[in-house]
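First comes the structure, then the notes that go with it.
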Amino acid sequence: MTSVRIITTEQSLGEVISKTFDLFGRDFVKYFAIFAIAEAVVGIATLLAYSVVQLPTVPTNPTDLSWLPGYLVASFELYGIIEISNLIVVPIAAGTAIKMAADAIEGNPVAFGMSVRFALSKLVRLWVVSFIVGVIVVLGFVALIVPGIILAIMFCLALPAVLLESTGVLGSLSRSRELVSHRWGKTFAVFLVLGLIILVISVVLGVVGGFFGSASSAVTDFLSALYEPLLPIALTVYFFSNQARTGPAPQTVQVPPRYWPAPQPGMKACTNCGTQLVASATFCSNCGAKQPA
């Protein structure tokens, strides 16, 4: 059956938001599952960090600062562990959501497991792009608010580019800038509207979580998986919208046919990367590509 792409022309602001919620609703369980898992992993890492690292007690005497060096070191260790867990897990969840949304937009089946494996296969690039964009945007906000906003708009489509067009790290930054060119105001409006929607939802869920007393923080973090997929889905919709406007990335390199060594008895070679797999394997354990039956 031939797949039919659901985004073939540039989308208006309203269409971007509408399609974002439409895609989210179609595969809500899958999107919720990946972010709920991510929140659970970060929550476990946070509990382990607090159990391993003990913050010194701050004395009531303000003139005694002997506690400060130890407190700063412990704080750095504690929040460093928590932040590292976020940096590891969140890009995987975002990459999985982008892949699932892209498959839906292109009219392909949305496979949860394959999308996770696809994100994992691009994990290093995801980490590097997320880190670079995060540092650039933070520096822009530290310098002045406006440069931070401009840089956030400029590189907002770097993650979909590095995932869906197989560009390199620097190529994804350049591709993002190309896609949002001449659409700076629209890009700002799309993510301002989406940000306000997410803010309202998060406030409501925060109130709901508050009814759980001492467990309110954990419950609120878990409930955040109800809205966290919206951003990567919107990035994907907006990526395809701008791709339809500007055209796909040019293919400048012709990849020659690849020939893999003959597999051993009872094995087969991955059709994408050549990794030796058991004959019954459905997906490649190395790159996540689906294998023919």
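Within each chain, counting starts at residue 1; across the structure tokens, chains are named A, B, ... in the order shown, with ligands numbered 1 upward in that order.
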
Stretch 136-139 of chain A: which residues within 12 Å, counting only C-alpha atoms, same-chain residues fewer than 3 positions away excluded, as an NGL selection string? :A and (129-133 or 142-156 or 173)

Selection: 9 Å around A:Ala40, only C-alpha atoms, excl. self and same-chain fewer than 5 positions, as a list in words: Phe35, Ala45, Ala218, Asp221 and Phe222 of chain A

Among stretch 14-251 of chain A, which residues carry a DSSP assignment of helix (DSSP H, G or I), reported as an MDAnalysis selection string? chainID A and resid 14:26 28:52 68:105 112:121 123:143 145:154 158:164 169:180 184:226 230:246

Using only C-alpha atoms, pick whichever of A:Pro160, A:Gly140, A:Gly43, A:Gly95 has the shortest atom-to-atom distance to A:Phe118.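 Smallest separation from A:Phe118 among the options: A:Gly95.
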
Please measure the separation of atom CA of A:Ala158 and atom CA of A:Glu106, giving the value in Å to one decimal.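 Interatomic distance, atom CA of A:Ala158 to atom CA of A:Glu106: 19.2 Å.
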
From the options A:Pro248, A:Gly195, A:Pro56, A:Pro229, which residue's atoms come nearest to A:Ala38, counting only C-alpha atoms? A:Pro229

I want to know what sits within 12 Å of A:Ser174, based on only C-alpha atoms, with residues of the same chain fewer than 2 positions away left out; could you give that as a PyMOL selection string? chain A and resi 129+133+154-159+161-162+167-172+176-181+249

Given the choices A:Phe191, A:His182, A:Tyr31, A:Ala281, which gets closest to A:Arg245 if the distance is worked out from only C-alpha atoms?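 With only C-alpha atoms as the atom set, the closest residue is A:His182.
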
Report, in Å to a single decimal, how far apart atom CA of A:Glu39 and atom CA of A:Glu228 are.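 Between atom CA of A:Glu228 and atom CA of A:Glu39 the gap works out to 10.2 Å.
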
Interface rows for stretch 186-276 of chain A against stretch 16-20 of chain A: nearest pair, Å to one decimal, 9 Å, only C-alpha atoms, as a tab-separated table:
residue	atom	partner	partner_atom	distance
A:Val190	CA	A:Ile17	CA	7.5
A:Val193	CA	A:Ile17	CA	8.3
A:Leu194	CA	A:Ile17	CA	7.2
A:Leu230	CA	A:Thr20	CA	6.7
A:Leu231	CA	A:Thr20	CA	8.6
A:Ile233	CA	A:Thr20	CA	5.8
A:Ala234	CA	A:Thr20	CA	5.2
A:Leu235	CA	A:Thr20	CA	8.8
A:Thr236	CA	A:Thr20	CA	8.6
A:Val237	CA	A:Val16	CA	6.3
A:Tyr238	CA	A:Val16	CA	6.4
A:Ser241	CA	A:Val16	CA	8.0

Can you spit out the residues from that selection as a compact mmCIF listing (two decimals), in the first residue's frame, using N, CA and C atoms?
# COMPACT_ATOMS: atom_id res chain seq x y z
N VAL A 190 4.06 30.46 16.56
CA VAL A 190 3.69 29.04 16.73
C VAL A 190 4.09 28.55 18.12
N VAL A 193 2.22 30.36 21.11
CA VAL A 193 0.88 29.82 21.33
C VAL A 193 0.97 28.44 21.98
N LEU A 194 1.85 27.59 21.45
CA LEU A 194 2.02 26.25 22.03
C LEU A 194 2.51 26.34 23.46
N LEU A 230 3.86 17.23 23.33
CA LEU A 230 3.34 18.24 22.41
C LEU A 230 4.45 19.01 21.70
N LEU A 231 5.53 19.34 22.41
CA LEU A 231 6.60 20.12 21.80
C LEU A 231 7.31 19.36 20.68
N ILE A 233 6.22 16.90 18.92
CA ILE A 233 5.26 16.69 17.83
C ILE A 233 5.11 17.97 17.02
N ALA A 234 4.98 19.11 17.71
CA ALA A 234 4.85 20.39 17.02
C ALA A 234 6.09 20.71 16.20
N LEU A 235 7.27 20.40 16.75
CA LEU A 235 8.51 20.60 15.99
C LEU A 235 8.49 19.80 14.70
N THR A 236 7.98 18.58 14.77
CA THR A 236 7.93 17.72 13.59
C THR A 236 6.94 18.25 12.57
N VAL A 237 5.76 18.63 13.03
CA VAL A 237 4.76 19.20 12.11
C VAL A 237 5.31 20.46 11.44
N TYR A 238 5.93 21.32 12.23
CA TYR A 238 6.45 22.57 11.67
C TYR A 238 7.63 22.30 10.75
N SER A 241 6.11 21.23 7.52
CA SER A 241 5.48 22.40 6.91
C SER A 241 6.50 23.25 6.17

Contacts of stretch 200-211 of chain A at 9 Å or less, counting only C-alpha atoms, minus same-chain residues fewer than 6 places along, as JSON, numbers by chain? {"A": [217, 218, 219, 220, 221, 223, 224, 226, 227]}

Store the residues picked out above, limited to C-alpha atoms, as a PDB file, in the first residue's frame.
ATOM      1  CA  SER A 217       5.978  16.262  43.354  1.00  0.00           C
ATOM      2  CA  ALA A 218       6.221  12.719  42.001  1.00  0.00           C
ATOM      3  CA  VAL A 219       2.610  12.743  40.805  1.00  0.00           C
ATOM      4  CA  THR A 220       3.069  16.122  39.073  1.00  0.00           C
ATOM      5  CA  ASP A 221       6.216  14.884  37.317  1.00  0.00           C
ATOM      6  CA  LEU A 223       1.376  13.827  34.930  1.00  0.00           C
ATOM      7  CA  SER A 224       3.728  16.071  32.943  1.00  0.00           C
ATOM      8  CA  LEU A 226       0.466  14.231  29.408  1.00  0.00           C
ATOM      9  CA  TYR A 227       1.767  17.417  27.756  1.00  0.00           C
TER      10      TYR A 227
END

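Considering only C-alpha atoms, the residue among A:Met100, A:Ile92, A:Ala289, A:Val110 positioned nearest to A:Val124 is A:Ile92.
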
Secondary structure check, strand (DSSP E) residues of stretch 142-285 of chain A, as an NGL selection string: :A and (267-269 or 276-278)

Residue among A:Phe283, A:Val52, A:Pro59, A:Val90 lying closest to A:Tyr71, counting only C-alpha atoms: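 When distances to A:Tyr71 are compared using only C-alpha atoms, the smallest one comes from A:Pro59.
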